[in-house]
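Student: Mind having a look at this structure? Questions to follow.
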Amino acid sequence: MPAEKDITFKTTPLSGRGTRTKRRSRSLSTSSADSYSSGSYSSSSEDDGVSPREKSQQNTTGFNDFCVANINQAAFGRREIEIAEQEMPGLILLRKRAENDKPLKGARIIGCTHITAQLAVLIESLGALGASVRWSACNIHSTQNEVAAALAEAGFPIFAWRGETEEDFWWCIEKCIMNDGWQPNMILDDGGDATHVLLKKWPDTFKLIKGIVEESITGVHRLYQLSKTGKLTVPAMNVNDSVTKIKFDNLYCCRESILDALKRTTDIMFGGKQVIVCGYGEVGKGCCAALRGLGAVIYVAEVDPICALQACMDGFRVVTLEAVVRHVDIVITATGNKNVVCRQHLDRLKNGCVVCNMGHSNTEIDVNSLRTPDLTWEKVKRQVDHIIWPDGKRIVLLAEGRLVNLSCSTVPSFVLSITATTQALALIELYNAPAGRYKQDVYLLPKKLDEYVATLHLPNFDAHLTELNDDQARYLGINKAGPFKPNYYRY
């Protein structure tokens with residue numbers, strides 16, 4: 001395939017859930033508590049009553065620069081990683097092609113992301129490409145403990161376990177940054193917490209960073225705010241809005257995982273159910289398509305007239321939440337905004353309505369408004385709660401308003417391969433870019449690299465690209481090997 005030939009990793013840089021109980025809320029940072037992964041089935045550190053910070057652990061080689069729940073879970077975690085590798089062909093192909101060239105040799109990367117089997121494949125790939133890494137979790141609930149143990153057994157400095165306290169969360173990030181004889185020069189972030197800590201506590205070290213790669217909408221917003229105020233002194237790459245993230249992870253991942261999450265938690269039948277999806281971006285589109293396929297009646301709530309028109313043309317009724325709130329069986333938020341579903345809406349929902357969030361963080365459903373003396377919280381099972389009104393009405397709240405797919409199910413490894421490959425290439429691009437190519441600002445991934453991410457995943461489908469001839473390429477005014485679309489093109 002011609003597009004593969006233009007990518008080199010040699011000396012040329014790439015441009016390339018019970019008893020009924022009242023529950024008290026606790027204060028957590030939005031970025032550290034926006035989701036919880038049910039993909040791990042091992043016991044959390046809370047089960048033995050001992051914090052990992054109080055344990056003295058080492059792996060089979062004597063390595064002890066880590067803090068995980070239980071290093072003895074490593075063998076189980078390794079099997080999970082091996083399963084994930086089978087569904088991450090693009091990332092594995094990138095690793096094989098670039099391993100000998102070590103394009104990240106000398107890179108010292110701080111990582112702060114969800115620590116799952118899929119992320120472990122990325123971490124090990126970065127190591128194979130020459131990078132030295134230190135990693136913490138971007139979320140206090142999402143770590144798969146056995147996977148963290150497997151990474152520690154493999155010699156990676158991992159500081160994360162499921163059920164961290166807020167203090168633990170910040171301690172783990174700082175342990176990644178503070179290490180004698182090791183100074184970071186790259187950041188891979190999900191939510192912007194590692195960037196925030198480094199900038200706040202070690203500003204001089206922050207100035208030496210060669211680049212930041214951020215994959216979440218929250219973290220990207222933080223970066224743009226830093227840029228506007230002149231506090232962003234290093235180049236950053238906005239992976240969240242790259243084509244291979246937003247058009248695949250956001251759409252296809254959510255199209256499958258919303259059904260998985262709702263079925264695992266409620267055993268609900270979708271046929272004939274009335275569902276309102278708040279937000280018709282890529283996530284909303286995926287949710288609507290999946291639910292309609294199983295016979296649900298879909299309504300869409302939107303503020304953007306373009307997205308609203310798309311929903312209409314796709315055959316969905318665009319309404320306000322207030323207009324249908326008394327009749328719907330399921331409410332799904334997918335806007336990226338705050339207080340989309342408020343107490344006034346929740347009070348009017350029918351008995352048994354399921355409420356969940358597919359947006360980025362835990363701000364879309366005003367869960368705090370439900371923590372009042374007049375309402376009773378009844379734990380059904382992990383990540384499933386009944387909220388009971390004085391008249392006996394109850395709604396089903398999933399994951400306390402956090403990301404329902406990461407909280408109550410798992411997400412497809414193949415889609416995460418696309419995202420992880422995008423992250424890896426963004427790190428390579430920033431690390432190898434010549435001086436002056438990237439200023440102190442936020443950038444999108446170059447189109448050529450977006451296309452290369454897609455190219456790496458096509459062989460898994462036995463897909464064969466058509467090649468332009470010289471005359472066709474001249475007519476379109478493009479290179480035969482791409483990029484095939486201008487930066488302003490909307491896929």
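Naming works like this for the structure tokens: A, B, ... for the chains as they're shown, residue 1 at the start of each chain, ligands 1 onward in shown order.
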Name the residues of segment 202-442 of chain A that fall into helix (DSSP H, G or I) according to DSSP on the backbone, using the chain letters and numbers of this document, as a ChimeraX atom specification.
Tutor: /A:203-206,217-228,243-246,249-266,282-293,305-313,321-324,343-346,367-370,399-401,404-408,413-432
Student: Counting only C-alpha atoms, what is within 7 Å of segment 309-324 of chain A, bar same-chain residues fewer than 5 positions away, as an MDAnalysis selection string?
Tutor: chainID A and resid 280 298:301
Student: Got time to write the residues from that selection, all heavy atoms, as a CSV table (one decimal), in the first residue's frame?
Tutor:
chain,number,residue,atom,x,y,z
A,280,TYR,N,-26.4,14.6,20.0
A,280,TYR,CA,-26.3,13.8,18.8
A,280,TYR,C,-24.9,14.1,18.1
A,280,TYR,O,-24.8,14.3,16.9
A,280,TYR,CB,-27.4,14.1,17.8
A,280,TYR,CG,-27.7,13.1,16.8
A,280,TYR,CD1,-28.2,11.8,17.2
A,280,TYR,CD2,-27.5,13.3,15.4
A,280,TYR,CE1,-28.4,10.8,16.3
A,280,TYR,CE2,-27.7,12.3,14.5
A,280,TYR,CZ,-28.2,11.1,14.9
A,280,TYR,OH,-28.4,10.1,14.0
A,298,ILE,N,-36.7,6.1,19.5
A,298,ILE,CA,-35.6,7.1,19.9
A,298,ILE,C,-36.1,8.5,19.7
A,298,ILE,O,-36.6,8.9,18.7
A,298,ILE,CB,-34.3,6.9,19.1
A,298,ILE,CG1,-34.0,5.4,19.0
A,298,ILE,CG2,-33.2,7.7,19.6
A,298,ILE,CD1,-33.6,4.8,20.3
A,299,TYR,N,-35.8,9.3,20.8
A,299,TYR,CA,-35.9,10.8,20.7
A,299,TYR,C,-34.5,11.4,20.9
A,299,TYR,O,-33.7,10.8,21.6
A,299,TYR,CB,-36.9,11.3,21.8
A,299,TYR,CG,-38.3,10.8,21.8
A,299,TYR,CD1,-38.6,9.7,22.6
A,299,TYR,CD2,-39.2,11.3,20.9
A,299,TYR,CE1,-39.9,9.2,22.6
A,299,TYR,CE2,-40.5,10.7,20.9
A,299,TYR,CZ,-40.8,9.7,21.8
A,299,TYR,OH,-42.1,9.2,21.8
A,300,VAL,N,-34.3,12.5,20.3
A,300,VAL,CA,-33.0,13.2,20.5
A,300,VAL,C,-33.2,14.6,21.0
A,300,VAL,O,-34.1,15.3,20.5
A,300,VAL,CB,-32.3,13.2,19.1
A,300,VAL,CG1,-31.0,14.1,19.2
A,300,VAL,CG2,-31.9,11.8,18.7
A,301,ALA,N,-32.4,15.0,21.9
A,301,ALA,CA,-32.4,16.4,22.4
A,301,ALA,C,-31.1,17.0,22.0
A,301,ALA,O,-30.0,16.4,22.2
A,301,ALA,CB,-32.6,16.4,23.9
Student: With a distance cut-off of 12 Å and only C-alpha atoms, select the neighbouring residues of Val453 of chain A, excluding the residue or stretch itself and same-chain residues fewer than 3 positions from it, and output the selection as a VMD selection string.
Tutor: chain A and resid 3 to 4 7 16 88 to 94 242 to 245 248 415 to 426 445 to 450 456 to 459
Student: For Glu364 of chain A, which residue among A:Gln344, A:Cys253, A:Leu403, A:Ile388 is the nearest when counting only C-alpha atoms?
Tutor: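 Of A:Gln344, A:Cys253, A:Leu403, A:Ile388, the one nearest Glu364 of chain A, counting only C-alpha atoms, is A:Leu403.
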Student: Pick from A:Ile173, A:Leu208, A:Ile123, A:Ala150: nearest to Gln58 of chain A, with only C-alpha atoms counted?
Tutor: A:Ala150
Student: So, with only C-alpha atoms as the atoms that count, which of A:Ile109, A:Ala308, A:Cys254, A:Ile276 lies closest to Ala296 of chain A?
Tutor: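 Looking at the shortest contact to Ala296 of chain A, the residue is A:Ile276.
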Student: Which residues are close to Phe66 of chain A, i.e. within 6 Å by only C-alpha atoms, leaving aside same-chain residues fewer than 4 positions away? Reply as a PyMOL selection string.
Tutor: chain A and resi 157-159
Student: Could those residues be written to a file, using all heavy atoms, as a PDB file, in the first residue's frame?
Tutor:
ATOM      1  N   PRO A 157       7.332   0.929  36.068  1.00  0.00           N
ATOM      2  CA  PRO A 157       6.952   1.644  37.294  1.00  0.00           C
ATOM      3  C   PRO A 157       5.483   2.067  37.214  1.00  0.00           C
ATOM      4  O   PRO A 157       5.147   3.052  36.562  1.00  0.00           O
ATOM      5  CB  PRO A 157       7.877   2.859  37.322  1.00  0.00           C
ATOM      6  CG  PRO A 157       8.986   2.526  36.370  1.00  0.00           C
ATOM      7  CD  PRO A 157       8.346   1.679  35.316  1.00  0.00           C
ATOM      8  N   ILE A 158       4.603   1.300  37.865  1.00  0.00           N
ATOM      9  CA  ILE A 158       3.160   1.530  37.843  1.00  0.00           C
ATOM     10  C   ILE A 158       2.697   1.896  39.245  1.00  0.00           C
ATOM     11  O   ILE A 158       3.007   1.188  40.213  1.00  0.00           O
ATOM     12  CB  ILE A 158       2.400   0.278  37.366  1.00  0.00           C
ATOM     13  CG1 ILE A 158       2.907  -0.168  35.999  1.00  0.00           C
ATOM     14  CG2 ILE A 158       0.891   0.530  37.348  1.00  0.00           C
ATOM     15  CD1 ILE A 158       2.649   0.802  34.880  1.00  0.00           C
ATOM     16  N   PHE A 159       1.965   2.975  39.352  1.00  0.00           N
ATOM     17  CA  PHE A 159       1.453   3.431  40.646  1.00  0.00           C
ATOM     18  C   PHE A 159      -0.056   3.613  40.519  1.00  0.00           C
ATOM     19  O   PHE A 159      -0.543   4.691  40.195  1.00  0.00           O
ATOM     20  CB  PHE A 159       2.140   4.736  41.056  1.00  0.00           C
ATOM     21  CG  PHE A 159       3.633   4.595  41.172  1.00  0.00           C
ATOM     22  CD1 PHE A 159       4.451   4.760  40.063  1.00  0.00           C
ATOM     23  CD2 PHE A 159       4.222   4.257  42.381  1.00  0.00           C
ATOM     24  CE1 PHE A 159       5.822   4.599  40.152  1.00  0.00           C
ATOM     25  CE2 PHE A 159       5.598   4.096  42.486  1.00  0.00           C
ATOM     26  CZ  PHE A 159       6.401   4.265  41.371  1.00  0.00           C
TER      27      PHE A 159
END
Student: Mind giving me the straight-line distance from atom CA of Leu262 of chain A to atom CA of Glu164 of chain A in Å, one decimal?
Tutor: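 Separation between atom CA of Leu262 of chain A and atom CA of Glu164 of chain A: 26.1 Å.
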Student: Could you please write out, as an MDAnalysis selection string, every residue of segment 148-381 of chain A that DSSP assigns to strand (DSSP E or B)?
Tutor: chainID A and resid 158:159 186:189 211:214 236:238 274:278 297:301 317:318 330:333 341 354:357 365 376:381
Student: Using only C-alpha atoms, can you tell me which of A:Thr229, A:Thr410, A:Thr376, A:Thr466 comes closest to Ala84 of chain A?
Tutor: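 Nearest to Ala84 of chain A: A:Thr410.
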Student: Go through A:Lys210, A:Pro203, A:Val68, A:Gln73 one by one, measure the shortest atom-to-atom distance of each to Ile428 of chain A using only C-alpha atoms, and give the residue with the smallest value.
Tutor: A:Lys210
Student: Quote the spacing between atom CA of Asp366 of chain A and atom CA of Asp347 of chain A in Å to one decimal place.
Tutor: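 Straight-line distance from atom CA of Asp366 of chain A to atom CA of Asp347 of chain A works out to 11.9 Å.
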Student: How many Å lie between atom CA of Val303 of chain A and atom CA of Gln274 of chain A, rounded to one decimal?
Tutor: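 That distance, rounded to one decimal, is 20.5 Å.
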Student: Taking 5 positions as the minimum chain separation for residues in the same chain, which residues sit within 12 Å of Glu174 of chain A when counting only C-alpha atoms? Answer as a PDB file with N, CA, C and O atoms, in the first residue's frame.
Tutor:
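The file below, result.pdb, is the result:
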ATOM      1  N   ILE A 110       5.705  10.407  31.190  1.00  0.00           N
ATOM      2  CA  ILE A 110       4.757  10.274  32.302  1.00  0.00           C
ATOM      3  C   ILE A 110       3.409   9.933  31.691  1.00  0.00           C
ATOM      4  O   ILE A 110       2.908  10.653  30.824  1.00  0.00           O
ATOM      5  N   GLY A 111       2.779   8.837  32.145  1.00  0.00           N
ATOM      6  CA  GLY A 111       1.454   8.471  31.664  1.00  0.00           C
ATOM      7  C   GLY A 111       0.433   8.567  32.780  1.00  0.00           C
ATOM      8  O   GLY A 111       0.698   8.161  33.917  1.00  0.00           O
ATOM      9  N   CYS A 112      -0.713   9.106  32.482  1.00  0.00           N
ATOM     10  CA  CYS A 112      -1.819   9.179  33.445  1.00  0.00           C
ATOM     11  C   CYS A 112      -3.103   8.879  32.670  1.00  0.00           C
ATOM     12  O   CYS A 112      -3.712   9.781  32.096  1.00  0.00           O
ATOM     13  N   ARG A 134       6.756   5.977  33.222  1.00  0.00           N
ATOM     14  CA  ARG A 134       6.260   5.861  34.590  1.00  0.00           C
ATOM     15  C   ARG A 134       4.773   6.181  34.524  1.00  0.00           C
ATOM     16  O   ARG A 134       4.397   7.191  33.933  1.00  0.00           O
ATOM     17  N   TRP A 135       3.915   5.336  35.154  1.00  0.00           N
ATOM     18  CA  TRP A 135       2.480   5.424  34.869  1.00  0.00           C
ATOM     19  C   TRP A 135       1.620   5.443  36.128  1.00  0.00           C
ATOM     20  O   TRP A 135       1.888   4.731  37.094  1.00  0.00           O
ATOM     21  N   SER A 136       0.557   6.254  36.092  1.00  0.00           N
ATOM     22  CA  SER A 136      -0.467   6.283  37.141  1.00  0.00           C
ATOM     23  C   SER A 136      -1.834   6.266  36.468  1.00  0.00           C
ATOM     24  O   SER A 136      -1.936   6.412  35.252  1.00  0.00           O
ATOM     25  N   ALA A 137      -2.900   6.114  37.267  1.00  0.00           N
ATOM     26  CA  ALA A 137      -4.256   6.045  36.728  1.00  0.00           C
ATOM     27  C   ALA A 137      -4.896   7.423  36.715  1.00  0.00           C
ATOM     28  O   ALA A 137      -4.715   8.214  37.640  1.00  0.00           O
ATOM     29  N   ILE A 158       4.603   1.300  37.865  1.00  0.00           N
ATOM     30  CA  ILE A 158       3.160   1.530  37.843  1.00  0.00           C
ATOM     31  C   ILE A 158       2.697   1.896  39.245  1.00  0.00           C
ATOM     32  O   ILE A 158       3.007   1.188  40.213  1.00  0.00           O
ATOM     33  N   PHE A 159       1.965   2.975  39.352  1.00  0.00           N
ATOM     34  CA  PHE A 159       1.453   3.431  40.646  1.00  0.00           C
ATOM     35  C   PHE A 159      -0.056   3.613  40.519  1.00  0.00           C
ATOM     36  O   PHE A 159      -0.543   4.691  40.195  1.00  0.00           O
ATOM     37  N   ALA A 160      -0.807   2.529  40.763  1.00  0.00           N
ATOM     38  CA  ALA A 160      -2.258   2.581  40.573  1.00  0.00           C
ATOM     39  C   ALA A 160      -2.908   1.325  41.136  1.00  0.00           C
ATOM     40  O   ALA A 160      -2.336   0.232  41.062  1.00  0.00           O
ATOM     41  N   GLU A 167      -6.460  11.238  48.067  1.00  0.00           N
ATOM     42  CA  GLU A 167      -5.049  11.482  48.403  1.00  0.00           C
ATOM     43  C   GLU A 167      -4.138  10.516  47.651  1.00  0.00           C
ATOM     44  O   GLU A 167      -3.082  10.906  47.146  1.00  0.00           O
ATOM     45  N   ASP A 168      -4.551   9.235  47.600  1.00  0.00           N
ATOM     46  CA  ASP A 168      -3.771   8.243  46.856  1.00  0.00           C
ATOM     47  C   ASP A 168      -3.603   8.653  45.400  1.00  0.00           C
ATOM     48  O   ASP A 168      -2.520   8.496  44.817  1.00  0.00           O
ATOM     49  N   PHE A 169      -4.686   9.157  44.834  1.00  0.00           N
ATOM     50  CA  PHE A 169      -4.679   9.529  43.418  1.00  0.00           C
ATOM     51  C   PHE A 169      -3.568  10.519  43.110  1.00  0.00           C
ATOM     52  O   PHE A 169      -2.769  10.315  42.192  1.00  0.00           O
ATOM     53  N   ASN A 179      11.351  11.006  40.881  1.00  0.00           N
ATOM     54  CA  ASN A 179      12.189   9.818  40.913  1.00  0.00           C
ATOM     55  C   ASN A 179      13.630  10.240  40.688  1.00  0.00           C
ATOM     56  O   ASN A 179      13.926  10.939  39.712  1.00  0.00           O
ATOM     57  N   PRO A 184      11.121  13.598  33.421  1.00  0.00           N
ATOM     58  CA  PRO A 184      10.256  13.405  32.257  1.00  0.00           C
ATOM     59  C   PRO A 184      10.504  14.441  31.170  1.00  0.00           C
ATOM     60  O   PRO A 184      10.865  15.582  31.451  1.00  0.00           O
ATOM     61  N   ASP A 193      -4.624  15.698  34.395  1.00  0.00           N
ATOM     62  CA  ASP A 193      -4.146  15.761  35.780  1.00  0.00           C
ATOM     63  C   ASP A 193      -2.626  15.733  35.904  1.00  0.00           C
ATOM     64  O   ASP A 193      -2.052  16.455  36.721  1.00  0.00           O
ATOM     65  N   ALA A 194      -1.974  14.897  35.119  1.00  0.00           N
ATOM     66  CA  ALA A 194      -0.510  14.870  35.177  1.00  0.00           C
ATOM     67  C   ALA A 194       0.067  16.204  34.724  1.00  0.00           C
ATOM     68  O   ALA A 194       1.011  16.735  35.328  1.00  0.00           O
ATOM     69  N   THR A 195      -0.517  16.755  33.677  1.00  0.00           N
ATOM     70  CA  THR A 195      -0.079  18.071  33.207  1.00  0.00           C
ATOM     71  C   THR A 195      -0.278  19.114  34.285  1.00  0.00           C
ATOM     72  O   THR A 195       0.613  19.946  34.544  1.00  0.00           O
ATOM     73  N   HIS A 196      -1.419  19.078  34.956  1.00  0.00           N
ATOM     74  CA  HIS A 196      -1.741  20.042  36.015  1.00  0.00           C
ATOM     75  C   HIS A 196      -0.742  19.963  37.170  1.00  0.00           C
ATOM     76  O   HIS A 196      -0.226  20.990  37.629  1.00  0.00           O
ATOM     77  N   VAL A 197      -0.451  18.741  37.621  1.00  0.00           N
ATOM     78  CA  VAL A 197       0.464  18.576  38.761  1.00  0.00           C
ATOM     79  C   VAL A 197       1.872  19.033  38.410  1.00  0.00           C
ATOM     80  O   VAL A 197       2.526  19.741  39.177  1.00  0.00           O
ATOM     81  N   LEU A 198       2.338  18.647  37.245  1.00  0.00           N
ATOM     82  CA  LEU A 198       3.695  19.022  36.858  1.00  0.00           C
ATOM     83  C   LEU A 198       3.826  20.528  36.708  1.00  0.00           C
ATOM     84  O   LEU A 198       4.813  21.121  37.169  1.00  0.00           O
ATOM     85  N   LEU A 199       2.853  21.149  36.091  1.00  0.00           N
ATOM     86  CA  LEU A 199       2.896  22.593  35.899  1.00  0.00           C
ATOM     87  C   LEU A 199       2.817  23.334  37.231  1.00  0.00           C
ATOM     88  O   LEU A 199       3.513  24.327  37.436  1.00  0.00           O
ATOM     89  N   LYS A 200       1.986  22.841  38.156  1.00  0.00           N
ATOM     90  CA  LYS A 200       1.776  23.526  39.433  1.00  0.00           C
ATOM     91  C   LYS A 200       2.941  23.349  40.398  1.00  0.00           C
ATOM     92  O   LYS A 200       3.380  24.310  41.041  1.00  0.00           O
ATOM     93  N   LYS A 201       3.477  22.130  40.502  1.00  0.00           N
ATOM     94  CA  LYS A 201       4.486  21.834  41.520  1.00  0.00           C
ATOM     95  C   LYS A 201       5.915  21.866  41.002  1.00  0.00           C
ATOM     96  O   LYS A 201       6.849  22.136  41.756  1.00  0.00           O
ATOM     97  N   TRP A 202       6.089  21.583  39.741  1.00  0.00           N
ATOM     98  CA  TRP A 202       7.441  21.570  39.171  1.00  0.00           C
ATOM     99  C   TRP A 202       7.459  22.374  37.873  1.00  0.00           C
ATOM    100  O   TRP A 202       7.678  21.821  36.774  1.00  0.00           O
TER     101      TRP A 202
END
Student: Neighbouring residues of Phe76 of chain A were defined as those with any atom within 12 Å, considering only C-alpha atoms; residues of the same chain fewer than 6 positions away were excluded. Please report them as a PyMOL selection string.
Tutor: chain A and resi 40-42+70+82-83+117+144-151+153
Student: Report as a PyMOL selection string all protein, DNA and RNA residues lying within 8 Å of segment 350-359 of chain A, evaluated on only C-alpha atoms, omitting residues in the same chain fewer than 3 positions from it.
Tutor: chain A and resi 254+258+283+325-337+362+364-365+393-399+401-405
